[in-house]
Number of protein chains: 2
Amino acid sequence: MTGSPVAEQVLRSALAIEGAESLAAIEAEVRAIASPLGYDRFILFSASAVGDQVVERIYWVEGDWFGDGEDVDAETYVRRCPVTRHVLETREPFFWTKTIAMDGELYKIVRYPRGQGIHGLQIPVFGPLGLEGAMSLGGSQIDASRRARLSLGLIATTAFFSARRLLEAAAEAVGPLSEREREVLSWTAAGRRQVEIAATLGLSERTVENHLRRIRKRLGVATTPQAIRVAIRNGDIAG
Amino acid sequence: MTGSPVAEQVLRSALAIEGAESLAAIEAEVRAIASPLGYDRFILFSASAVGDQVVERIYWVEGDWFGDGEDVDAETYVRRCPVTRHVLETREPFFWTKTIAMDGELYKIVRYPRGQGIHGLQIPVFGPLGLEGAMSLGGSQIDASRRARLSLGLIATTAFFSARRLLEAAAEAVGPLSEREREVLSWTAAGRRQVEIAATLGLSERTVENHLRRIRKRLGVATTPQAIRVAIRNGDIAG
DNA sequence: GTTTCATTGAGGGAAATCCCTCATTTTGCT
DNA sequence: AGCAAAATGAGGGATTTCCCTCAATGAAAC
């Protein structure tokens, strides 16, 4: 489609992104790699695989994602987009195509985008807790080769972690679990219900519930089952 | 230390690994990239933190990891190694150094390995379920630049997923849980709610609920959080 | 051909969990 | 003493999970 990505440039940009001290610097590097490949719109966001909410926080939006006359803001658009939701179901970067049908826009996940419309590449980013973010790149004439996908995958992954480092500096100050919290969680892992744990420890059900909520918050998870896994992994409770 | 990685070669190898049809082909590509950087021993394995057990399955071991006269097998060595355990606690590739002290071997996680001894790079690999595997590379004279780390990170990540695709293809159900049940439980451990899992797997909420109930019954537990722990213990799902 | 089991789905209702906020007491630390 | 964090508890409402039963399909086993 356009020139194939220059490998040297890709590595160099990834390193630059890794050490970037501002979001603008990250954006510039991404553009430098993506533009020659035909991508001219970008979305970078943190995501959690939990809750109905896929998108957690948008780090960067750029380009004509919405078309003229659309009066949706970036947040709404990204959150509603079916392509965005698809990151929950995949473990690999994927291409998509948006065509204008009679009854509105039609998104499709495709192997190789071609033909009329806006095409794009969506790259999920994974971490210790599973899906942690994603980057979307789009354009009307894009390089959709495996090589481009691999290159942009590296760039996007690096960009996400770097952007998060910059923007969520003081966000996740999660401490370790307290003694009481470990105790409650251990009983939970042992199959006890909140009311039973309350009786065992001589607490009210409310307190047990409050402890569990605080535990989830601390561990940065959404559900108690997930808290069990994370706590086991962290060594907070016995596996 | 040695020549810096040729970016073009890195991208090419990553693509080759991605499409590889045999483990040997993957190994060859990794060697081609890693050797010039001074790495001559490799371990590739799937991982999960099941209590004491970090390593799940070793895909590939090569090189002089153990020294002469050592009569430990690869499994034991990798499982015992403190460096291996450290992948549980990190979200980034890291360098380590092994020095021979009077009272045995001493491993240290370092920013830039130098001096005498064996040095290495450990690269955790993440997926939708969190930590899913890792690759260890070692050598006595290694390139420990950020550039090398980034390049090998890409290579290792690609290699892991490709190797798993090849080797776990015919993995059959060994546990008491069926394939579908394991799948549902894994997503639960990853923090998904029933309705979300239903959407992801294309099932009705009812079906997911039924699966979970059957899982609890099979494992002989009362609650889903407990099922998570028991399943992790049994190795039915990743820790 | 019959039986078994995995997989899928549902109705209806009970139980449990989860979310928000607010408040009190205790404990550890400077 | 004074502050911060842990630990405790509650109100009130929204979601989610759980439990019972019932049922249809398809594939594998006998």
# chains A, B, ... in the order shown; residues from 1 in each chain; ligands from 1
$ interface_residues --of "chain B" --to "chain C" --cutoff "10 Å" --atoms "only C-alpha atoms (C1' of nucleotides)" --output "list in words"
Ser178, Glu179, Arg180, Glu181, Leu203, Ser204, Glu205, Arg206, Thr207, Val208, Asn210 and His211 of chain B
$ interface_residues --of "chain B" --to "chain A" --cutoff "9 Å" --atoms "only C-alpha atoms" --output "VMD selection string"
chain B and resid 6 to 12 14 to 15 48 to 52 88 to 91 125 to 132 146 to 147 150 to 151 154 188 to 193 196 199 to 201 221 to 230 232 to 233 238 to 239
$ write_last_selection --atoms "C-alpha atoms" --output "mmCIF file, in the first residue's frame"
data_model
loop_
_atom_site.group_PDB
_atom_site.id
_atom_site.type_symbol
_atom_site.label_atom_id
_atom_site.label_comp_id
_atom_site.auth_asym_id
_atom_site.auth_seq_id
_atom_site.Cartn_x
_atom_site.Cartn_y
_atom_site.Cartn_z
ATOM 1 C CA VAL B 6 19.872 -5.606 13.348
ATOM 2 C CA ALA B 7 16.356 -4.339 13.437
ATOM 3 C CA GLU B 8 15.455 -5.749 10.082
ATOM 4 C CA GLN B 9 16.541 -9.167 11.222
ATOM 5 C CA VAL B 10 14.464 -8.898 14.365
ATOM 6 C CA LEU B 11 11.270 -8.100 12.527
ATOM 7 C CA ARG B 12 11.894 -10.809 9.981
ATOM 8 C CA ALA B 14 9.460 -12.402 14.613
ATOM 9 C CA LEU B 15 7.343 -12.873 11.525
ATOM 10 C CA SER B 48 1.252 -19.648 36.238
ATOM 11 C CA ALA B 49 1.534 -19.108 39.924
ATOM 12 C CA VAL B 50 0.004 -22.147 41.491
ATOM 13 C CA GLY B 51 1.182 -21.808 45.022
ATOM 14 C CA ASP B 52 4.703 -23.052 44.918
ATOM 15 C CA LEU B 88 5.573 -13.418 39.166
ATOM 16 C CA GLU B 89 6.415 -10.088 40.627
ATOM 17 C CA THR B 90 7.348 -8.089 37.632
ATOM 18 C CA ARG B 91 5.618 -6.619 34.670
ATOM 19 C CA VAL B 125 4.720 -13.035 28.616
ATOM 20 C CA PHE B 126 1.221 -11.815 29.371
ATOM 21 C CA GLY B 127 -2.147 -12.642 27.921
ATOM 22 C CA PRO B 128 -5.799 -12.221 28.740
ATOM 23 C CA LEU B 129 -5.410 -14.303 31.850
ATOM 24 C CA GLY B 130 -2.374 -12.467 33.158
ATOM 25 C CA LEU B 131 1.020 -14.113 33.221
ATOM 26 C CA GLU B 132 0.967 -16.978 30.786
ATOM 27 C CA ARG B 146 17.777 -1.505 26.238
ATOM 28 C CA ARG B 147 17.755 -2.151 22.557
ATOM 29 C CA LEU B 150 13.355 -4.670 23.495
ATOM 30 C CA SER B 151 14.331 -6.855 20.561
ATOM 31 C CA LEU B 154 9.485 -9.073 20.928
ATOM 32 C CA THR B 188 -14.202 -16.014 36.103
ATOM 33 C CA ALA B 189 -10.793 -16.064 37.722
ATOM 34 C CA ALA B 190 -9.826 -13.271 35.359
ATOM 35 C CA GLY B 191 -12.528 -11.090 36.823
ATOM 36 C CA ARG B 192 -15.317 -11.503 34.324
ATOM 37 C CA ARG B 193 -18.917 -11.662 35.435
ATOM 38 C CA GLU B 196 -19.650 -10.854 30.339
ATOM 39 C CA ALA B 199 -21.020 -12.387 25.680
ATOM 40 C CA THR B 200 -17.420 -13.389 25.208
ATOM 41 C CA LEU B 201 -18.138 -17.040 24.575
ATOM 42 C CA VAL B 221 -17.038 -26.761 46.806
ATOM 43 C CA ALA B 222 -19.682 -24.363 47.986
ATOM 44 C CA THR B 223 -18.742 -21.061 46.417
ATOM 45 C CA THR B 224 -17.141 -19.816 43.256
ATOM 46 C CA PRO B 225 -14.244 -18.119 45.036
ATOM 47 C CA GLN B 226 -13.436 -21.475 46.586
ATOM 48 C CA ALA B 227 -13.718 -23.119 43.208
ATOM 49 C CA ILE B 228 -11.035 -20.749 41.963
ATOM 50 C CA ARG B 229 -8.619 -21.828 44.634
ATOM 51 C CA VAL B 230 -9.327 -25.518 44.281
ATOM 52 C CA ILE B 232 -5.763 -23.548 40.777
ATOM 53 C CA ARG B 233 -4.555 -26.178 43.190
ATOM 54 C CA ALA B 238 -3.897 -21.083 35.495
ATOM 55 C CA GLY B 239 -2.910 -19.441 38.732
#
$ interface_residues --of "chain B" --to "chain D" --cutoff "9 Å" --atoms "only C-alpha atoms (C1' of nucleotides)" --output "list in words"
Arg193, Gln194, Glu209 and Arg213 of chain B
$ write_last_selection --atoms "C-alpha atoms" --output "CSV table (one decimal), in the first residue's frame"
chain,number,residue,atom,x,y,z
B,193,ARG,CA,-18.9,-11.7,35.4
B,194,GLN,CA,-21.3,-14.3,34.1
B,209,GLU,CA,-24.5,-20.0,35.3
B,213,ARG,CA,-22.9,-24.6,39.2
$ atom_distance --atom1 "atom CA of Tyr107 of chain A" --atom2 "atom CA of Cys81 of chain A"
8.5 Å
$ atom_distance --atom1 "atom CA of Phe95 of chain B" --atom2 "atom CA of His119 of chain B"
7.3 Å
$ atom_distance --atom1 "atom CA of Ala16 of chain A" --atom2 "atom CA of Ala34 of chain B"
22.1 Å
